[in-house]
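**Q** My structure is in run22.cif, and what it holds is mmCIF, C-alpha atoms:
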data_structure
loop_
_atom_site.group_PDB
_atom_site.id
_atom_site.type_symbol
_atom_site.label_atom_id
_atom_site.label_comp_id
_atom_site.auth_asym_id
_atom_site.auth_seq_id
_atom_site.Cartn_x
_atom_site.Cartn_y
_atom_site.Cartn_z
ATOM 1 C CA MET A 3 -54.436 186.855 38.138
ATOM 2 C CA PRO A 4 -58.052 187.689 38.918
ATOM 3 C CA VAL A 5 -60.443 184.772 38.867
ATOM 4 C CA LEU A 6 -61.757 184.216 35.348
ATOM 5 C CA ALA A 7 -65.473 184.710 34.744
ATOM 6 C CA SER A 8 -66.888 181.448 33.407
ATOM 7 C CA MET A 9 -68.980 181.577 30.254
ATOM 8 C CA TYR A 10 -69.949 177.908 30.393
ATOM 9 C CA SER A 11 -73.694 177.432 30.022
ATOM 10 C CA ALA A 12 -74.738 173.852 30.649
ATOM 11 C CA PRO A 13 -77.832 172.434 28.941
ATOM 12 C CA LEU A 14 -80.849 172.706 31.238
ATOM 13 C CA PHE A 15 -81.042 168.974 31.954
ATOM 14 C CA LEU A 16 -77.314 168.899 32.782
ATOM 15 C CA ARG A 17 -77.371 171.523 35.511
ATOM 16 C CA ASN A 18 -76.743 168.974 38.206
ATOM 17 C CA GLY A 19 -73.295 167.890 39.358
ATOM 18 C CA HIS A 20 -74.091 164.187 39.481
ATOM 19 C CA VAL A 21 -75.679 164.182 36.012
ATOM 20 C CA GLN A 22 -72.686 166.070 34.599
ATOM 21 C CA THR A 23 -70.295 163.597 36.213
ATOM 22 C CA CYS A 24 -72.058 160.521 34.856
ATOM 23 C CA TRP A 25 -73.183 161.763 31.439
ATOM 24 C CA PRO A 26 -69.827 161.516 29.610
ATOM 25 C CA VAL A 27 -69.171 158.033 30.983
ATOM 26 C CA LEU A 28 -72.546 156.763 29.824
ATOM 27 C CA PHE A 29 -73.305 158.706 26.671
ATOM 28 C CA ARG A 30 -70.230 160.322 25.146
ATOM 29 C CA THR A 31 -69.050 158.683 21.935
ATOM 30 C CA MET A 32 -65.264 158.675 21.773
ATOM 31 C CA PRO A 33 -63.741 155.986 19.570
ATOM 32 C CA PRO A 34 -60.142 154.892 20.202
ATOM 33 C CA GLN A 35 -57.525 156.994 18.448
ATOM 34 C CA PRO A 36 -54.356 155.821 16.665
ATOM 35 C CA CYS A 37 -51.424 155.784 19.050
ATOM 36 C CA GLN A 38 -48.289 153.861 19.885
ATOM 37 C CA ARG A 39 -47.879 152.382 23.354
ATOM 38 C CA GLN A 40 -44.408 152.845 24.789
ATOM 39 C CA ARG A 41 -43.058 151.440 28.058
ATOM 40 C CA ILE A 42 -40.437 153.316 30.053
ATOM 41 C CA ASP A 43 -38.501 152.227 33.122
ATOM 42 C CA THR A 44 -38.622 154.136 36.402
ATOM 43 C CA ALA A 45 -35.717 154.778 38.725
ATOM 44 C CA ASP A 46 -37.093 152.376 41.349
ATOM 45 C CA GLY A 47 -37.288 149.360 39.040
ATOM 46 C CA ASP A 48 -40.860 149.741 37.844
ATOM 47 C CA PHE A 49 -42.357 150.793 34.510
ATOM 48 C CA LEU A 50 -44.915 153.209 33.057
ATOM 49 C CA ASP A 51 -46.993 152.671 29.920
ATOM 50 C CA ILE A 52 -47.510 155.725 27.716
ATOM 51 C CA ASP A 53 -49.789 156.161 24.707
ATOM 52 C CA VAL A 54 -48.083 158.423 22.169
ATOM 53 C CA HIS A 55 -50.433 160.245 19.790
ATOM 54 C CA ARG A 56 -48.527 161.976 17.003
ATOM 55 C CA HIS A 57 -49.911 164.962 15.160
ATOM 56 C CA SER A 58 -47.659 164.167 12.220
ATOM 57 C CA GLN A 59 -46.695 160.615 11.392
ATOM 58 C CA SER A 60 -43.621 161.983 9.619
ATOM 59 C CA GLY A 61 -42.071 162.818 13.010
ATOM 60 C CA GLY A 62 -39.877 165.766 13.866
ATOM 61 C CA HIS A 63 -42.524 167.506 15.977
ATOM 62 C CA ARG A 64 -41.121 169.620 18.841
ATOM 63 C CA ARG A 65 -44.148 170.382 21.022
ATOM 64 C CA ALA A 66 -46.176 167.977 23.162
ATOM 65 C CA VAL A 67 -48.660 167.724 26.013
ATOM 66 C CA VAL A 68 -48.377 165.218 28.853
ATOM 67 C CA ILE A 69 -51.855 164.108 29.969
ATOM 68 C CA SER A 70 -52.446 162.548 33.414
ATOM 69 C CA HIS A 71 -55.658 160.661 34.239
ATOM 70 C CA GLY A 72 -57.599 160.588 37.491
ATOM 71 C CA LEU A 73 -58.013 158.009 40.251
ATOM 72 C CA GLU A 74 -58.402 154.497 38.812
ATOM 73 C CA GLY A 75 -58.504 155.920 35.300
ATOM 74 C CA ASN A 76 -56.251 155.151 32.362
ATOM 75 C CA SER A 77 -55.011 156.592 29.094
ATOM 76 C CA GLN A 78 -57.991 155.263 27.121
ATOM 77 C CA ARG A 79 -60.750 156.909 29.138
ATOM 78 C CA LYS A 80 -63.066 159.151 27.144
ATOM 79 C CA TYR A 81 -61.971 162.328 28.897
ATOM 80 C CA ILE A 82 -58.329 161.550 28.080
ATOM 81 C CA LEU A 83 -59.087 160.771 24.441
ATOM 82 C CA GLY A 84 -61.222 163.905 24.133
ATOM 83 C CA MET A 85 -58.429 166.098 25.479
ATOM 84 C CA ALA A 86 -55.881 164.314 23.292
ATOM 85 C CA LYS A 87 -58.016 165.015 20.235
ATOM 86 C CA ALA A 88 -58.324 168.688 21.202
ATOM 87 C CA CYS A 89 -54.559 169.057 21.608
ATOM 88 C CA LEU A 90 -53.785 167.189 18.397
ATOM 89 C CA ALA A 91 -56.055 169.659 16.601
ATOM 90 C CA LEU A 92 -53.691 172.454 17.698
ATOM 91 C CA GLY A 93 -50.621 170.655 16.384
ATOM 92 C CA PHE A 94 -49.345 169.170 19.657
ATOM 93 C CA ASP A 95 -48.216 165.594 20.026
ATOM 94 C CA VAL A 96 -49.745 163.842 23.045
ATOM 95 C CA LEU A 97 -48.098 161.673 25.716
ATOM 96 C CA ALA A 98 -50.995 160.123 27.661
ATOM 97 C CA TRP A 99 -49.508 158.045 30.437
ATOM 98 C CA ASN A 100 -50.885 155.380 32.759
ATOM 99 C CA MET A 101 -50.181 155.412 36.465
ATOM 100 C CA ARG A 102 -48.835 152.180 37.926
ATOM 101 C CA PHE A 103 -51.190 149.203 37.495
ATOM 102 C CA CYS A 104 -53.589 151.333 35.435
ATOM 103 C CA SER A 105 -52.605 150.204 31.928
ATOM 104 C CA GLY A 106 -53.965 146.676 32.358
ATOM 105 C CA THR A 107 -50.640 145.200 33.493
ATOM 106 C CA VAL A 108 -49.644 144.596 37.112
ATOM 107 C CA ASN A 109 -46.705 146.833 37.999
ATOM 108 C CA ALA A 110 -43.449 145.433 39.327
ATOM 109 C CA THR A 111 -42.894 147.134 42.698
ATOM 110 C CA GLU A 112 -44.816 147.413 45.940
ATOM 111 C CA GLN A 113 -45.923 150.978 45.255
ATOM 112 C CA LEU A 114 -48.845 152.012 43.079
ATOM 113 C CA TYR A 115 -49.574 155.732 43.066
ATOM 114 C CA ASN A 116 -50.868 158.360 45.457
ATOM 115 C CA MET A 117 -52.318 161.853 45.299
ATOM 116 C CA GLY A 118 -48.955 163.538 45.769
ATOM 117 C CA HIS A 119 -46.693 161.137 43.897
ATOM 118 C CA THR A 120 -44.863 163.496 41.529
ATOM 119 C CA ALA A 121 -41.905 161.345 40.481
ATOM 120 C CA ASP A 122 -43.799 159.474 37.766
ATOM 121 C CA VAL A 123 -45.234 162.494 35.951
ATOM 122 C CA ALA A 124 -41.738 163.992 36.191
ATOM 123 C CA ALA A 125 -40.345 160.802 34.625
ATOM 124 C CA VAL A 126 -42.803 161.029 31.732
ATOM 125 C CA ALA A 127 -41.930 164.690 31.166
ATOM 126 C CA ALA A 128 -38.220 163.860 31.225
ATOM 127 C CA TRP A 129 -38.818 161.065 28.734
ATOM 128 C CA GLY A 130 -40.617 163.548 26.485
ATOM 129 C CA VAL A 131 -37.652 165.907 26.676
ATOM 130 C CA GLY A 132 -35.427 162.973 25.754
ATOM 131 C CA LEU A 133 -37.535 162.388 22.642
ATOM 132 C CA GLY A 134 -36.617 165.868 21.476
ATOM 133 C CA TYR A 135 -39.642 167.903 22.547
ATOM 134 C CA ASN A 136 -38.409 171.313 23.607
ATOM 135 C CA GLU A 137 -41.800 172.615 24.766
ATOM 136 C CA LEU A 138 -44.157 170.691 27.039
ATOM 137 C CA ALA A 139 -47.537 171.426 28.575
ATOM 138 C CA LEU A 140 -48.911 169.311 31.422
ATOM 139 C CA ILE A 141 -52.636 168.509 31.606
ATOM 140 C CA GLY A 142 -54.133 166.638 34.541
ATOM 141 C CA PHE A 143 -57.581 165.543 35.630
ATOM 142 C CA SER A 144 -58.577 165.200 39.288
ATOM 143 C CA MET A 145 -55.791 163.213 40.995
ATOM 144 C CA GLY A 146 -53.545 163.649 37.960
ATOM 145 C CA GLY A 147 -54.094 167.379 38.203
ATOM 146 C CA ASN A 148 -53.257 167.375 41.889
ATOM 147 C CA GLN A 149 -49.982 165.572 41.180
ATOM 148 C CA ILE A 150 -49.080 168.139 38.520
ATOM 149 C CA LEU A 151 -49.896 171.116 40.743
ATOM 150 C CA ARG A 152 -48.013 169.529 43.619
ATOM 151 C CA TRP A 153 -44.970 169.027 41.382
ATOM 152 C CA LEU A 154 -45.055 172.583 40.080
ATOM 153 C CA GLY A 155 -45.570 173.978 43.561
ATOM 154 C CA THR A 156 -42.770 172.035 45.253
ATOM 155 C CA GLY A 157 -40.238 171.671 42.450
ATOM 156 C CA GLN A 158 -39.555 168.113 43.602
ATOM 157 C CA PRO A 159 -38.266 166.494 41.423
ATOM 158 C CA ALA A 160 -36.682 169.414 39.589
ATOM 159 C CA ILE A 161 -38.891 170.825 36.821
ATOM 160 C CA PRO A 162 -37.194 170.861 33.406
ATOM 161 C CA PRO A 163 -37.214 174.209 31.592
ATOM 162 C CA GLU A 164 -39.095 172.586 28.731
ATOM 163 C CA VAL A 165 -42.261 172.584 30.887
ATOM 164 C CA LYS A 166 -43.882 175.830 29.796
ATOM 165 C CA ALA A 167 -47.482 175.607 31.070
ATOM 166 C CA ALA A 168 -50.045 173.377 32.767
ATOM 167 C CA CYS A 169 -53.793 172.799 32.986
ATOM 168 C CA ALA A 170 -55.614 171.156 35.894
ATOM 169 C CA ILE A 171 -59.264 170.107 35.703
ATOM 170 C CA SER A 172 -61.591 169.140 38.562
ATOM 171 C CA VAL A 173 -58.800 168.938 41.139
ATOM 172 C CA PRO A 174 -59.756 168.204 44.793
ATOM 173 C CA CYS A 175 -56.777 170.299 45.871
ATOM 174 C CA ASP A 176 -57.843 170.448 49.546
ATOM 175 C CA LEU A 177 -57.699 166.711 50.135
ATOM 176 C CA PRO A 178 -58.769 166.507 53.801
ATOM 177 C CA ARG A 179 -61.996 168.375 53.112
ATOM 178 C CA ALA A 180 -62.586 166.685 49.762
ATOM 179 C CA ALA A 181 -62.320 163.270 51.432
ATOM 180 C CA ALA A 182 -65.046 164.306 53.861
ATOM 181 C CA VAL A 183 -67.278 165.404 50.977
ATOM 182 C CA LEU A 184 -66.856 162.062 49.227
ATOM 183 C CA ASP A 185 -67.930 160.275 52.392
ATOM 184 C CA LYS A 186 -71.391 161.858 52.192
ATOM 185 C CA PRO A 187 -74.334 159.502 51.506
ATOM 186 C CA GLU A 188 -75.081 161.067 48.115
ATOM 187 C CA ASN A 189 -71.635 160.002 46.911
ATOM 188 C CA ARG A 190 -71.904 156.321 47.804
ATOM 189 C CA LEU A 191 -72.171 155.326 44.137
ATOM 190 C CA TYR A 192 -68.756 156.809 43.379
ATOM 191 C CA MET A 193 -67.241 155.358 46.522
ATOM 192 C CA ARG A 194 -68.461 151.863 45.679
ATOM 193 C CA TYR A 195 -66.953 152.202 42.210
ATOM 194 C CA PHE A 196 -63.561 153.300 43.528
ATOM 195 C CA MET A 197 -63.450 150.768 46.339
ATOM 196 C CA ARG A 198 -64.376 147.867 44.084
ATOM 197 C CA SER A 199 -61.557 148.709 41.682
ATOM 198 C CA MET A 200 -58.976 149.532 44.346
ATOM 199 C CA LEU A 201 -59.720 146.441 46.453
ATOM 200 C CA LYS A 202 -59.464 144.215 43.378
ATOM 201 C CA LYS A 203 -55.989 145.582 42.716
ATOM 202 C CA ALA A 204 -55.068 145.166 46.378
ATOM 203 C CA SER A 205 -56.045 141.490 46.251
ATOM 204 C CA ILE A 206 -53.801 140.962 43.220
ATOM 205 C CA LYS A 207 -50.879 142.838 44.771
ATOM 206 C CA ALA A 208 -51.245 140.962 48.068
ATOM 207 C CA ALA A 209 -50.038 137.740 46.430
ATOM 208 C CA ARG A 210 -46.577 139.290 46.198
ATOM 209 C CA PHE A 211 -46.661 142.137 48.715
ATOM 210 C CA PRO A 212 -48.344 141.090 52.006
ATOM 211 C CA GLN A 213 -48.915 144.670 53.135
ATOM 212 C CA TYR A 214 -51.871 144.857 50.742
ATOM 213 C CA ALA A 215 -53.659 142.181 52.731
ATOM 214 C CA ALA A 216 -54.462 144.859 55.340
ATOM 215 C CA VAL A 217 -57.544 145.887 53.347
ATOM 216 C CA LEU A 218 -58.705 142.423 52.323
ATOM 217 C CA GLY A 219 -61.720 140.985 54.075
ATOM 218 C CA GLN A 220 -62.549 144.405 55.519
ATOM 219 C CA GLU A 221 -65.766 146.388 55.264
ATOM 220 C CA ILE A 222 -64.310 149.467 53.600
ATOM 221 C CA HIS A 223 -66.680 152.160 52.405
ATOM 222 C CA SER A 224 -64.550 155.301 52.522
ATOM 223 C CA PHE A 225 -61.186 156.714 51.577
ATOM 224 C CA ALA A 226 -60.576 157.335 55.263
ATOM 225 C CA ALA A 227 -60.605 153.610 55.985
ATOM 226 C CA PHE A 228 -58.673 152.576 52.863
ATOM 227 C CA ASP A 229 -56.009 155.226 53.319
ATOM 228 C CA ARG A 230 -55.680 154.513 57.044
ATOM 229 C CA LEU A 231 -55.179 150.787 56.509
ATOM 230 C CA LEU A 232 -53.083 150.815 53.328
ATOM 231 C CA THR A 233 -52.137 154.070 51.612
ATOM 232 C CA ALA A 234 -50.742 155.889 54.647
ATOM 233 C CA PRO A 235 -48.531 153.053 55.964
ATOM 234 C CA LEU A 236 -47.488 152.048 52.434
ATOM 235 C CA TYR A 237 -46.055 155.516 51.806
ATOM 236 C CA GLY A 238 -44.765 156.232 55.295
ATOM 237 C CA TYR A 239 -47.524 158.465 56.674
ATOM 238 C CA ALA A 240 -48.722 158.127 60.252
ATOM 239 C CA SER A 241 -52.398 158.452 59.354
ATOM 240 C CA ALA A 242 -54.822 159.107 56.536
ATOM 241 C CA GLN A 243 -55.079 162.709 57.704
ATOM 242 C CA GLU A 244 -51.318 163.173 57.474
ATOM 243 C CA TYR A 245 -51.315 161.613 54.015
ATOM 244 C CA TRP A 246 -54.019 163.977 52.784
ATOM 245 C CA GLU A 247 -52.402 167.053 54.298
ATOM 246 C CA SER A 248 -48.956 166.142 52.981
ATOM 247 C CA THR A 249 -50.055 165.515 49.410
ATOM 248 C CA ALA A 250 -52.633 168.283 48.875
ATOM 249 C CA SER A 251 -51.722 170.840 46.230
ATOM 250 C CA LEU A 252 -53.670 173.741 47.763
ATOM 251 C CA PRO A 253 -50.880 174.865 50.141
ATOM 252 C CA VAL A 254 -48.282 175.102 47.346
ATOM 253 C CA LEU A 255 -50.257 176.872 44.604
ATOM 254 C CA GLY A 256 -48.655 180.174 45.482
ATOM 255 C CA ASN A 257 -45.219 178.773 44.621
ATOM 256 C CA ILE A 258 -46.033 177.872 41.015
ATOM 257 C CA THR A 259 -43.815 179.679 38.506
ATOM 258 C CA VAL A 260 -45.254 178.596 35.137
ATOM 259 C CA PRO A 261 -48.633 179.660 33.705
ATOM 260 C CA VAL A 262 -51.435 177.408 34.946
ATOM 261 C CA TYR A 263 -55.104 177.178 34.024
ATOM 262 C CA MET A 264 -57.406 175.563 36.579
ATOM 263 C CA LEU A 265 -61.010 174.639 35.756
ATOM 264 C CA ALA A 266 -63.468 173.583 38.439
ATOM 265 C CA ALA A 267 -67.235 173.319 38.783
ATOM 266 C CA ALA A 268 -69.184 174.740 41.709
ATOM 267 C CA ASP A 269 -71.382 171.615 41.691
ATOM 268 C CA ASP A 270 -68.495 169.108 41.646
ATOM 269 C CA PRO A 271 -69.623 166.281 43.974
ATOM 270 C CA PHE A 272 -65.979 165.423 44.753
ATOM 271 C CA CYS A 273 -64.924 168.866 45.954
ATOM 272 C CA SER A 274 -65.459 171.038 49.014
ATOM 273 C CA PRO A 275 -65.730 174.844 48.609
ATOM 274 C CA SER A 276 -62.098 175.067 49.764
ATOM 275 C CA CYS A 277 -61.082 173.220 46.585
ATOM 276 C CA PHE A 278 -61.796 176.388 44.608
ATOM 277 C CA PRO A 279 -58.584 178.327 45.355
ATOM 278 C CA TYR A 280 -59.747 181.915 44.840
ATOM 279 C CA ALA A 281 -57.170 183.415 47.211
ATOM 280 C CA ALA A 282 -54.312 181.525 45.562
ATOM 281 C CA ALA A 283 -55.394 182.713 42.109
ATOM 282 C CA GLN A 284 -55.607 186.298 43.290
ATOM 283 C CA GLY A 285 -52.171 186.024 44.879
ATOM 284 C CA ASN A 286 -50.325 184.347 41.998
ATOM 285 C CA LYS A 287 -50.387 186.148 38.657
ATOM 286 C CA LEU A 288 -49.569 182.905 36.856
ATOM 287 C CA LEU A 289 -52.560 180.985 38.226
ATOM 288 C CA ASN A 290 -55.712 181.325 36.118
ATOM 289 C CA LEU A 291 -58.820 179.957 37.871
ATOM 290 C CA GLU A 292 -62.219 179.375 36.301
ATOM 291 C CA VAL A 293 -65.053 178.074 38.471
ATOM 292 C CA ALA A 294 -68.054 177.247 36.292
ATOM 293 C CA PRO A 295 -71.502 177.126 37.916
ATOM 294 C CA HIS A 296 -72.032 173.615 36.533
ATOM 295 C CA GLY A 297 -69.839 170.843 35.206
ATOM 296 C CA GLY A 298 -69.719 168.168 37.883
ATOM 297 C CA HIS A 299 -66.507 166.182 38.195
ATOM 298 C CA VAL A 300 -64.639 165.987 34.869
ATOM 299 C CA GLY A 301 -67.880 166.772 33.073
ATOM 300 C CA PHE A 302 -68.343 170.160 31.363
ATOM 301 C CA VAL A 303 -70.523 168.573 28.701
ATOM 302 C CA VAL A 304 -71.129 170.285 25.362
ATOM 303 C CA LEU A 305 -73.743 168.602 23.210
ATOM 304 C CA GLY A 306 -73.315 168.023 19.512
ATOM 305 C CA LYS A 307 -71.736 165.403 17.325
ATOM 306 C CA ASP A 308 -67.938 165.521 17.671
ATOM 307 C CA ALA A 309 -68.160 168.692 19.788
ATOM 308 C CA PHE A 310 -65.264 169.437 22.100
ATOM 309 C CA TYR A 311 -66.314 169.671 25.742
ATOM 310 C CA TRP A 312 -65.946 172.978 27.589
ATOM 311 C CA SER A 313 -62.801 171.795 29.375
ATOM 312 C CA GLU A 314 -61.225 170.889 26.037
ATOM 313 C CA GLN A 315 -62.203 174.192 24.441
ATOM 314 C CA GLN A 316 -60.814 176.183 27.362
ATOM 315 C CA VAL A 317 -57.540 174.251 27.390
ATOM 316 C CA GLN A 318 -57.241 174.907 23.664
ATOM 317 C CA LYS A 319 -57.716 178.652 24.242
ATOM 318 C CA PHE A 320 -55.156 178.635 27.050
ATOM 319 C CA LEU A 321 -52.560 176.821 24.942
ATOM 320 C CA ILE A 322 -53.225 179.130 21.993
ATOM 321 C CA ARG A 323 -52.530 182.130 24.236
ATOM 322 C CA GLN A 324 -49.395 180.629 25.744
ATOM 323 C CA TRP A 325 -47.895 179.664 22.401
ATOM 324 C CA ALA A 326 -49.358 182.538 20.374
ATOM 325 C CA LEU A 327 -50.877 179.999 17.994
ATOM 326 C CA PRO A 328 -53.008 181.181 15.055
#
Could the structure of this file be written out as structure tokens, please?
**A**
Amino acid sequence: MPVLASMYSAPLFLRNGHVQTCWPVLFRTMPPQPCQRQRIDTADGDFLDIDVHRHSQSGGHRRAVVISHGLEGNSQRKYILGMAKACLALGFDVLAWNMRFCSGTVNATEQLYNMGHTADVAAVAAWGVGLGYNELALIGFSMGGNQILRWLGTGQPAIPPEVKAACAISVPCDLPRAAAVLDKPENRLYMRYFMRSMLKKASIKAARFPQYAAVLGQEIHSFAAFDRLLTAPLYGYASAQEYWESTASLPVLGNITVPVYMLAAADDPFCSPSCFPYAAAQGNKLLNLEVAPHGGHVGFVVLGKDAFYWSEQQVQKFLIRQWALP
């Protein structure tokens, strides 16, 4: 479909990508929501923790969204809870899952997650189908969005027919170029945050899996170094560059066969211009792309007590259209 014209108008003091990125983390009020944590087993002997938010406590609901968080996030982050609240308001149940070692518990196998790891989101979707949901929507932020788009674009593992639509927000879909953007000096704050969290997990995993020791005691200040030393060899890639190229969702967007809504911001500090896939949207009638002038990375702030953010409002509108909801 043609690229969607964005109507998002950021407040004047939030027309900066870095401010938009940091504002929700620092200032958004999002209390925890009632949910039930479920643990499911994976085919390789590991487990995934999923927070189940039910629209109706009486059960029997047949429609759900699967929400995937971003790098080093979890199912209790504000942006996940905000999206869960928005979807619950439409009558969907919510399955907000945690990637491996992101729920607060060390996972059981050597692997964690990577940008193109689609098996786990597929496992959560399959679990949802097993619960009796006959209609699923997938919603992913940043890395979680890339995994979803990669899954839909490759069909590996097979996509169940119950998956009817997907939304992807702030996705660095051209990973090689996005990695270069994140290495810029103005993004050092984010890089320090990610490296501190990722290296802490590596030190814990190294006690059982020696391969993680490759990044310990190193001066690592970029994804290039971390992925070269650990991620690429851990998942069988020859280099960080090969890992990025092999897991990027940009090359497979044209293959997607379910309706997708993508939201990005032109001032996203995590994304290169190539991460705004205009050509793919124009070439695939099922791909709906909105590039807002502002919004940062997983920002899209809307001020006001209990106000849904722009990303949440737009996902609501997309789901309403897809399901012909009142």
**Q** Name every residue that the PyMOL selection byres ((chain A and resi 55) around 10) selects in this structure, writing the answer as number ranges by chain with chains first and numbers rising.
**A** A: 35-39, 52-54, 56-59, 66-67, 83, 86-87, 89-90, 94-98
**Q** Store the residues of this selection in a file with C-alpha atoms, as an mmCIF file, in the frame of the given file.
**A**
data_model
loop_
_atom_site.group_PDB
_atom_site.id
_atom_site.type_symbol
_atom_site.label_atom_id
_atom_site.label_comp_id
_atom_site.auth_asym_id
_atom_site.auth_seq_id
_atom_site.Cartn_x
_atom_site.Cartn_y
_atom_site.Cartn_z
ATOM 1 C CA GLN A 35 -57.525 156.994 18.448
ATOM 2 C CA PRO A 36 -54.356 155.821 16.665
ATOM 3 C CA CYS A 37 -51.424 155.784 19.050
ATOM 4 C CA GLN A 38 -48.289 153.861 19.885
ATOM 5 C CA ARG A 39 -47.879 152.382 23.354
ATOM 6 C CA ILE A 52 -47.510 155.725 27.716
ATOM 7 C CA ASP A 53 -49.789 156.161 24.707
ATOM 8 C CA VAL A 54 -48.083 158.423 22.169
ATOM 9 C CA ARG A 56 -48.527 161.976 17.003
ATOM 10 C CA HIS A 57 -49.911 164.962 15.160
ATOM 11 C CA SER A 58 -47.659 164.167 12.220
ATOM 12 C CA GLN A 59 -46.695 160.615 11.392
ATOM 13 C CA ALA A 66 -46.176 167.977 23.162
ATOM 14 C CA VAL A 67 -48.660 167.724 26.013
ATOM 15 C CA LEU A 83 -59.087 160.771 24.441
ATOM 16 C CA ALA A 86 -55.881 164.314 23.292
ATOM 17 C CA LYS A 87 -58.016 165.015 20.235
ATOM 18 C CA CYS A 89 -54.559 169.057 21.608
ATOM 19 C CA LEU A 90 -53.785 167.189 18.397
ATOM 20 C CA PHE A 94 -49.345 169.170 19.657
ATOM 21 C CA ASP A 95 -48.216 165.594 20.026
ATOM 22 C CA VAL A 96 -49.745 163.842 23.045
ATOM 23 C CA LEU A 97 -48.098 161.673 25.716
ATOM 24 C CA ALA A 98 -50.995 160.123 27.661
#
**Q** If you measure from atom CA of A:Gly47 to atom CA of A:Trp129, what distance in Å do you get, rounded to one decimal?
**A** 15.7 Å
**Q** May I have the residues within 8 Å of A:Phe302 as a list in words, using all atoms listed in the file and disregarding those fewer than 4 positions away in the same chain?
**A**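 The neighbour list is Tyr10, Ala12, Gln22, His296, Gly297, Gly298, Tyr311, Trp312 and Ser313 of chain A.
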**Q** With all atoms listed in the file counted and 12 Å as the cut-off, give the residues of stretch 249-290 of chain A in contact with stretch 159-171 of chain A, each with its shortest interatomic distance in Å and the pair that gives it, as a tab-separated table.
**A**
residue	atom	partner	partner_atom	distance
A:Ser251	CA	A:Ala170	CA	11.0
A:Leu255	CA	A:Ala170	CA	11.7
A:Ile258	CA	A:Ala168	CA	10.2
A:Thr259	CA	A:Ala167	CA	9.2
A:Val260	CA	A:Ala167	CA	5.5
A:Pro261	CA	A:Ala167	CA	5.0
A:Val262	CA	A:Ala168	CA	4.8
A:Tyr263	CA	A:Cys169	CA	4.7
A:Met264	CA	A:Ala170	CA	4.8
A:Leu265	CA	A:Ile171	CA	4.9
A:Ala266	CA	A:Ile171	CA	6.1
A:Ala267	CA	A:Ile171	CA	9.1
A:Asp270	CA	A:Ile171	CA	11.0
A:Cys273	CA	A:Ile171	CA	11.8
A:Cys277	CA	A:Ile171	CA	11.5
A:Phe278	CA	A:Ile171	CA	11.2
A:Leu288	CA	A:Ala167	CA	9.5
A:Leu289	CA	A:Ala168	CA	9.7
A:Asn290	CA	A:Cys169	CA	9.3
**Q** Just say which residues the PyMOL selection byres ((chain A and resi 201) around 10) picks in this file, as a list in words.
**A**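 For this structure, the PyMOL selection byres ((chain A and resi 201) around 10) resolves to Phe196, Met197, Arg198, Ser199, Met200, Lys202, Lys203, Ala204, Ser205, Ile206, Lys207, Tyr214, Ala215, Val217, Leu218, Gly219, Gln220, Ile222 and Phe228 of chain A.
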**Q** Quote the spacing between atom CA of A:Gly147 and atom CA of A:Gly72 in Å to one decimal place.
**A**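 Spanning atom CA of A:Gly147 to atom CA of A:Gly72 is a straight-line distance of 7.7 Å.
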**Q** Of the candidates A:Ile69, A:Val27, A:Leu231, A:Leu305, which one gets nearest to A:Ala127 if we count all atoms listed in the file?
**A**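 Ranked by minimum distance to A:Ala127, first place goes to A:Ile69.
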**Q** Tell me, as a list in words, which residues lie within 10 Å of A:Gln318, counting only C-alpha atoms; anything in the same chain fewer than 2 positions away does not count.
**A**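 Contacts, in chain order: Met85, Ala88, Cys89, Leu90, Ala91, Leu92, Phe310, Trp312, Ser313, Glu314, Gln315, Gln316, Phe320, Leu321, Ile322, Arg323, Gln324 and Leu327 of chain A.
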**Q** Take the residues from that selection and put them in a file with C-alpha atoms, as a PDB file, keeping the file's coordinate frame.
**A**
ATOM      1  CA  MET A  85     -58.429 166.098  25.479  1.00  0.00           C
ATOM      2  CA  ALA A  88     -58.324 168.688  21.202  1.00  0.00           C
ATOM      3  CA  CYS A  89     -54.559 169.057  21.608  1.00  0.00           C
ATOM      4  CA  LEU A  90     -53.785 167.189  18.397  1.00  0.00           C
ATOM      5  CA  ALA A  91     -56.055 169.659  16.601  1.00  0.00           C
ATOM      6  CA  LEU A  92     -53.691 172.454  17.698  1.00  0.00           C
ATOM      7  CA  PHE A 310     -65.264 169.437  22.100  1.00  0.00           C
ATOM      8  CA  TRP A 312     -65.946 172.978  27.589  1.00  0.00           C
ATOM      9  CA  SER A 313     -62.801 171.795  29.375  1.00  0.00           C
ATOM     10  CA  GLU A 314     -61.225 170.889  26.037  1.00  0.00           C
ATOM     11  CA  GLN A 315     -62.203 174.192  24.441  1.00  0.00           C
ATOM     12  CA  GLN A 316     -60.814 176.183  27.362  1.00  0.00           C
ATOM     13  CA  PHE A 320     -55.156 178.635  27.050  1.00  0.00           C
ATOM     14  CA  LEU A 321     -52.560 176.821  24.942  1.00  0.00           C
ATOM     15  CA  ILE A 322     -53.225 179.130  21.993  1.00  0.00           C
ATOM     16  CA  ARG A 323     -52.530 182.130  24.236  1.00  0.00           C
ATOM     17  CA  GLN A 324     -49.395 180.629  25.744  1.00  0.00           C
ATOM     18  CA  LEU A 327     -50.877 179.999  17.994  1.00  0.00           C
TER      19      LEU A 327
END
**Q** For A:Val126, find every residue with an atom within 9 Å (counting all atoms listed in the file), except residues of its own chain fewer than 5 positions away, and show them as an MDAnalysis selection string.
**A** chainID A and resid 42 50 52 68 97 99 121 131
**Q** Using C-alpha atoms, can you export the residues from the last selection as a PDB file, in the frame of the given file?
**A**
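Below is the file that was written, result_11.pdb:
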ATOM      1  CA  ILE A  42     -40.437 153.316  30.053  1.00  0.00           C
ATOM      2  CA  LEU A  50     -44.915 153.209  33.057  1.00  0.00           C
ATOM      3  CA  ILE A  52     -47.510 155.725  27.716  1.00  0.00           C
ATOM      4  CA  VAL A  68     -48.377 165.218  28.853  1.00  0.00           C
ATOM      5  CA  LEU A  97     -48.098 161.673  25.716  1.00  0.00           C
ATOM      6  CA  TRP A  99     -49.508 158.045  30.437  1.00  0.00           C
ATOM      7  CA  ALA A 121     -41.905 161.345  40.481  1.00  0.00           C
ATOM      8  CA  VAL A 131     -37.652 165.907  26.676  1.00  0.00           C
TER       9      VAL A 131
END
